[in-house]
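Shown next: work.cif, containing mmCIF, C-alpha atoms.
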data_start
loop_
_atom_site.label_atom_id
_atom_site.label_comp_id
_atom_site.auth_asym_id
_atom_site.auth_seq_id
_atom_site.Cartn_x
_atom_site.Cartn_y
_atom_site.Cartn_z
CA MET A 1 -2.13 25.95 -6.00
CA THR A 2 -1.16 23.62 -3.15
CA THR A 3 1.72 25.05 -1.09
CA SER A 4 4.09 24.06 1.73
CA LEU A 5 5.14 20.78 0.19
CA PRO A 6 8.43 19.08 1.12
CA VAL A 7 11.17 20.03 -1.35
CA GLU A 8 11.50 16.48 -2.70
CA VAL A 9 7.77 16.39 -3.39
CA GLU A 10 7.46 19.89 -4.79
CA SER A 11 10.15 19.21 -7.38
CA THR A 12 8.17 16.39 -9.01
CA ARG A 13 4.55 16.81 -7.91
CA GLN A 14 2.57 19.89 -8.77
CA PRO A 15 -1.18 19.37 -9.20
CA ASP A 16 -3.08 20.99 -12.05
CA HIS A 17 -6.15 21.31 -9.83
CA GLU A 18 -6.39 22.18 -6.14
CA ILE A 19 -6.26 19.14 -3.83
CA ASN A 20 -5.36 18.32 -0.25
CA PRO A 21 -1.55 18.05 0.06
CA GLN A 22 -1.84 14.56 1.58
CA PHE A 23 -2.37 13.15 -1.91
CA LEU A 24 0.96 14.58 -3.04
CA THR A 25 3.05 13.84 0.04
CA ARG A 26 2.07 10.16 0.12
CA TRP A 27 4.53 8.13 -1.91
CA SER A 28 6.33 4.79 -1.59
CA PRO A 29 9.87 5.02 -0.18
CA ARG A 30 11.96 1.88 0.25
CA SER A 31 14.26 2.93 3.07
CA PHE A 32 12.86 1.91 6.46
CA THR A 33 14.22 2.11 9.98
CA ASN A 34 13.54 -0.74 12.38
CA GLN A 35 11.77 1.61 14.82
CA GLU A 36 8.73 -0.11 16.32
CA VAL A 37 5.27 1.03 15.28
CA THR A 38 3.21 1.15 18.46
CA GLU A 39 -0.07 -0.72 18.68
CA ASP A 40 -2.25 2.38 18.82
CA VAL A 41 -0.59 3.98 15.79
CA LEU A 42 -0.74 0.76 13.79
CA LEU A 43 -4.39 0.19 14.59
CA SER A 44 -5.23 3.70 13.43
CA LEU A 45 -4.16 2.66 9.91
CA PHE A 46 -6.57 -0.25 9.89
CA GLU A 47 -9.26 1.92 11.45
CA ALA A 48 -8.93 4.15 8.37
CA ALA A 49 -9.13 1.11 6.09
CA ARG A 50 -12.28 0.06 7.92
CA TRP A 51 -14.15 3.09 6.59
CA ALA A 52 -13.41 2.53 2.90
CA PRO A 53 -16.44 2.15 0.60
CA SER A 54 -17.42 -1.26 -0.74
CA GLY A 55 -20.07 -2.81 -2.96
CA SER A 56 -23.19 -3.66 -0.92
CA ASN A 57 -21.07 -2.76 2.13
CA LEU A 58 -19.54 -6.26 2.05
CA GLN A 59 -16.14 -4.96 3.26
CA PRO A 60 -14.25 -7.87 1.69
CA TRP A 61 -10.76 -6.76 2.74
CA ARG A 62 -8.69 -8.67 5.24
CA PHE A 63 -5.11 -7.95 6.37
CA ILE A 64 -2.67 -10.48 7.80
CA VAL A 65 -0.06 -8.60 9.85
CA ALA A 66 3.49 -9.67 10.72
CA ARG A 67 5.20 -7.82 13.60
CA THR A 68 7.47 -10.32 15.36
CA ASP A 69 10.73 -11.69 13.96
CA GLU A 70 9.11 -15.10 13.52
CA GLN A 71 6.08 -13.68 11.72
CA ARG A 72 8.18 -11.49 9.42
CA ALA A 73 10.42 -14.45 8.58
CA LYS A 74 7.35 -16.26 7.24
CA PHE A 75 6.58 -13.29 5.00
CA HIS A 76 10.20 -13.05 3.86
CA SER A 77 9.96 -16.64 2.65
CA PHE A 78 7.51 -15.69 -0.11
CA ILE A 79 8.58 -12.11 -0.91
CA ALA A 80 10.63 -11.77 -4.11
CA PRO A 81 14.39 -11.40 -3.46
CA ALA A 82 14.57 -7.95 -5.06
CA ASN A 83 11.94 -6.68 -2.63
CA ARG A 84 13.48 -8.41 0.34
CA GLU A 85 16.66 -6.40 -0.24
CA TRP A 86 14.93 -3.29 1.04
CA CYS A 87 11.85 -4.45 2.98
CA GLU A 88 13.54 -6.61 5.62
CA LYS A 89 14.07 -3.59 7.88
CA ALA A 90 10.37 -2.71 7.90
CA PRO A 91 8.97 -3.45 11.38
CA VAL A 92 5.52 -4.33 10.05
CA LEU A 93 4.44 -6.29 7.00
CA ALA A 94 0.82 -6.81 6.04
CA LEU A 95 -0.73 -8.99 3.35
CA ALA A 96 -3.88 -7.55 1.81
CA ILE A 97 -6.39 -10.19 0.77
CA SER A 98 -10.07 -10.13 -0.11
CA TYR A 99 -13.05 -12.42 0.36
CA THR A 100 -14.24 -13.26 -3.13
CA LYS A 101 -17.84 -14.24 -2.39
CA ALA A 102 -21.03 -12.22 -2.07
CA THR A 103 -23.64 -12.96 0.58
CA ASN A 104 -25.54 -15.21 -1.84
CA GLY A 105 -22.46 -17.36 -2.42
CA ASN A 106 -21.80 -16.06 -5.93
CA ASN A 107 -18.51 -14.45 -6.86
CA SER A 108 -18.30 -10.83 -5.77
CA PRO A 109 -17.59 -8.58 -8.77
CA SER A 110 -16.02 -5.82 -6.66
CA HIS A 111 -13.93 -7.53 -3.97
CA ALA A 112 -10.58 -6.53 -5.47
CA PHE A 113 -11.74 -2.99 -6.29
CA ASP A 114 -13.03 -2.53 -2.75
CA THR A 115 -9.85 -3.87 -1.17
CA GLY A 116 -7.83 -1.45 -3.25
CA ALA A 117 -9.89 1.37 -1.76
CA ALA A 118 -9.15 0.09 1.75
CA TRP A 119 -5.43 -0.01 0.97
CA GLY A 120 -5.63 3.59 -0.25
CA TYR A 121 -7.27 4.72 2.97
CA LEU A 122 -4.63 2.85 4.98
CA ALA A 123 -1.79 4.43 3.02
CA LEU A 124 -3.15 7.95 3.48
CA GLU A 125 -3.61 7.50 7.23
CA ALA A 126 -0.10 6.09 7.50
CA ASN A 127 1.16 9.26 5.86
CA ASN A 128 -0.91 11.33 8.30
CA GLN A 129 0.72 9.42 11.18
CA GLY A 130 4.26 10.10 9.94
CA LEU A 131 4.73 6.57 8.61
CA ILE A 132 5.66 5.32 5.16
CA THR A 133 4.11 2.42 3.28
CA HIS A 134 5.17 0.51 0.20
CA ALA A 135 2.90 -2.06 -1.42
CA MET A 136 4.52 -4.95 -3.29
CA GLY A 137 3.09 -7.22 -5.94
CA GLY A 138 6.39 -9.05 -6.15
CA PHE A 139 5.75 -12.14 -4.05
CA ASP A 140 4.82 -15.78 -4.59
CA HIS A 141 1.04 -15.80 -4.20
CA ASN A 142 0.77 -19.59 -3.96
CA GLN A 143 3.50 -19.81 -1.34
CA ALA A 144 1.89 -16.99 0.65
CA ARG A 145 -1.42 -18.84 0.59
CA GLU A 146 0.21 -22.05 1.81
CA THR A 147 2.44 -20.42 4.42
CA LEU A 148 -0.32 -18.29 5.95
CA GLN A 149 -3.07 -20.93 5.52
CA ILE A 150 -5.33 -18.69 3.43
CA PRO A 151 -8.56 -20.38 2.26
CA GLU A 152 -9.28 -20.72 -1.44
CA ASP A 153 -12.17 -18.25 -1.39
CA TYR A 154 -9.79 -15.40 -0.58
CA GLN A 155 -7.59 -13.67 -3.14
CA THR A 156 -4.11 -12.39 -2.31
CA HIS A 157 -3.23 -8.90 -3.56
CA ALA A 158 -0.18 -7.17 -2.10
CA VAL A 159 2.35 -7.24 0.70
CA ILE A 160 2.57 -3.83 2.39
CA ALA A 161 5.69 -2.70 4.23
CA ILE A 162 4.85 -0.26 7.04
CA GLY A 163 7.20 1.75 9.23
CA TYR A 164 9.26 4.89 9.63
CA ARG A 165 11.42 6.30 6.89
CA GLY A 166 15.14 5.65 6.96
CA PRO A 167 18.14 7.35 5.30
CA VAL A 168 18.51 6.92 1.56
CA GLU A 169 22.16 5.96 2.07
CA GLU A 170 21.18 2.79 3.91
CA LEU A 171 19.46 1.36 0.84
CA PRO A 172 21.35 -0.92 -1.54
CA GLU A 173 23.01 1.36 -4.08
CA ARG A 174 20.81 0.29 -6.99
CA PHE A 175 17.71 1.56 -5.15
CA GLN A 176 19.08 4.90 -3.99
CA GLU A 177 18.46 6.87 -7.18
CA ARG A 178 14.85 5.64 -7.23
CA GLU A 179 14.17 6.91 -3.70
CA ALA A 180 12.13 9.92 -4.78
CA PRO A 181 8.45 10.71 -5.37
CA SER A 182 7.30 9.82 -8.87
CA THR A 183 5.23 12.04 -11.09
CA ARG A 184 1.87 11.20 -12.65
CA ARG A 185 0.29 11.58 -16.07
CA PRO A 186 -2.09 14.55 -16.34
CA VAL A 187 -5.84 14.13 -15.83
CA SER A 188 -6.38 14.87 -19.52
CA GLU A 189 -4.66 11.59 -20.45
CA PHE A 190 -7.02 9.33 -18.50
CA LEU A 191 -10.30 11.22 -18.29
CA TYR A 192 -12.76 10.62 -21.11
CA GLU A 193 -16.17 12.20 -21.58
CA GLY A 194 -19.22 10.51 -23.02
CA THR A 195 -17.40 7.58 -24.63
CA PHE A 196 -14.07 5.80 -24.47
CA GLY A 197 -11.23 7.79 -25.96
CA GLN A 198 -13.21 11.04 -26.15
CA THR A 199 -11.03 13.51 -24.28
CA ARG A 200 -12.37 16.62 -22.68
#

Transcribe the structure of this file into structure tokens.
Amino acid sequence: MTTSLPVEVESTRQPDHEINPQFLTRWSPRSFTNQEVTEDVLLSLFEAARWAPSGSNLQPWRFIVARTDEQRAKFHSFIAPANREWCEKAPVLALAISYTKATNGNNSPSHAFDTGAAWGYLALEANNQGLITHAMGGFDHNQARETLQIPEDYQTHAVIAIGYRGPVEELPERFQEREAPSTRRPVSEFLYEGTFGQTR
């Protein structure tokens, strides 16, 4: 069994099968400090995303990054108010988008799936670098497209807050009790064999 987990992780996350601890220690806190993420550390996250698998190696993911006050203010304009309550301290925000076309001009069937894989790689490397990440679906997709001048053949997916973890007490009170790693359903509830619904 995986050992040497942080107490807050160990209390809610015990795997049924042996895995690397990085999959358990990565979670999505909301409390950020405003400590700067240096260029080399930040680029290492996107270097990890670079090596994600993709259909026909099309690598459809793109990330629009906001690091300055002016850039973050643009992002804040389309992020849902409930998310802005906690994400405004994050020193880096990134919008994950994907190119929706294949090389032949037809719609790519896997662009969103592939971009999700890239986000997963990014999140794991952030954890390896001592950073936290929190992806948000709560934003105005149309306003984001207009504000950031995103072409129509790209799909918007999630805003990702990136930075260093802050104290729980600095969160708005209604978020404090939620600032803990969540559990997951067991493998037996989502793994079928041979046909849909046929559990192992």

Review point. CA of Ser77 (chain A) and CA of Ala112 (chain A) are how many Å apart?
Key: 24.3 Å

Exercise for review: Please write the residues picked by the PyMOL selection byres ((chain A and resi 58-67) around 7) on this file as a VMD selection string.
Suggested key: chain A and resid 54 to 57 68 to 69 71 to 72 91 to 99 111 115

Exercise for review: Enumerate, as a VMD selection string, the residues matched when the PyMOL selection byres ((chain A and resi 173-181) around 9) is run on the file above.
Suggested key: chain A and resid 8 to 9 11 to 13 24 to 31 86 168 to 172 182 to 183

With C-alpha atoms retained, write the just-selected residues as a PDB file, in the frame of the given file.
ATOM      1  CA  GLU A   8      11.500  16.480  -2.700  1.00  0.00           C
ATOM      2  CA  VAL A   9       7.770  16.390  -3.390  1.00  0.00           C
ATOM      3  CA  SER A  11      10.150  19.210  -7.380  1.00  0.00           C
ATOM      4  CA  THR A  12       8.170  16.390  -9.010  1.00  0.00           C
ATOM      5  CA  ARG A  13       4.550  16.810  -7.910  1.00  0.00           C
ATOM      6  CA  LEU A  24       0.960  14.580  -3.040  1.00  0.00           C
ATOM      7  CA  THR A  25       3.050  13.840   0.040  1.00  0.00           C
ATOM      8  CA  ARG A  26       2.070  10.160   0.120  1.00  0.00           C
ATOM      9  CA  TRP A  27       4.530   8.130  -1.910  1.00  0.00           C
ATOM     10  CA  SER A  28       6.330   4.790  -1.590  1.00  0.00           C
ATOM     11  CA  PRO A  29       9.870   5.020  -0.180  1.00  0.00           C
ATOM     12  CA  ARG A  30      11.960   1.880   0.250  1.00  0.00           C
ATOM     13  CA  SER A  31      14.260   2.930   3.070  1.00  0.00           C
ATOM     14  CA  TRP A  86      14.930  -3.290   1.040  1.00  0.00           C
ATOM     15  CA  VAL A 168      18.510   6.920   1.560  1.00  0.00           C
ATOM     16  CA  GLU A 169      22.160   5.960   2.070  1.00  0.00           C
ATOM     17  CA  GLU A 170      21.180   2.790   3.910  1.00  0.00           C
ATOM     18  CA  LEU A 171      19.460   1.360   0.840  1.00  0.00           C
ATOM     19  CA  PRO A 172      21.350  -0.920  -1.540  1.00  0.00           C
ATOM     20  CA  SER A 182       7.300   9.820  -8.870  1.00  0.00           C
ATOM     21  CA  THR A 183       5.230  12.040 -11.090  1.00  0.00           C
TER      22      THR A 183
END

**Study point:** the PyMOL selection byres ((chain A and resi 79) around 12) applied to the shown file, residues as a count of residues only
**Key:** 34

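Of the residues under consideration (A:Arg145, A:Tyr164, A:Leu124, A:Gly116), A:Gly116 shows the shortest atom-to-atom contact distance to Pro53 (chain A) when counting only C-alpha atoms.
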
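Of the residues under consideration (A:Lys89, A:Ala126, A:Arg200, A:Val187), A:Lys89 shows the shortest atom-to-atom contact distance to Glu36 (chain A) when counting all atoms listed in the file.
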
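Residue nearest Gly166 (chain A) within the list A:Gln14, A:Asn106, A:Ser44, A:Leu131: A:Leu131 [criterion: smallest interatomic distance, only C-alpha atoms].
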
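Proximity to Gln22 (chain A) was assessed for A:Tyr154, A:Phe190, A:Phe196, A:Tyr121 counting all atoms listed in the file; the smallest distance is recorded for A:Tyr121.
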
Study note, to complete from the structure: For Gly130 (chain A), the closest of A:Thr195, A:Asp16, A:Thr103, A:Gly163 counting only C-alpha atoms is A:Gly163

So that all listed atoms of region 136-152 of chain A fit with 4 Å spare on each side, what axis-aligned box centre and edge lengths in Å, to one decimal, would you give as AutoDock Vina command-line options?
--center_x -1.4 --center_y -13.5 --center_z -0.1 --size_x 23.7 --size_y 25.1 --size_z 20.1

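For the residues A:Val41, A:Asp153, A:Gln129, A:Ala52, ranking by smallest atom-to-atom distance to Phe113 (chain A) using all atoms listed in the file places A:Ala52 first.
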
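Taking CA of Glu47 (chain A) and CA of Leu122 (chain A) as the two end points, the separation is 8.0 Å.
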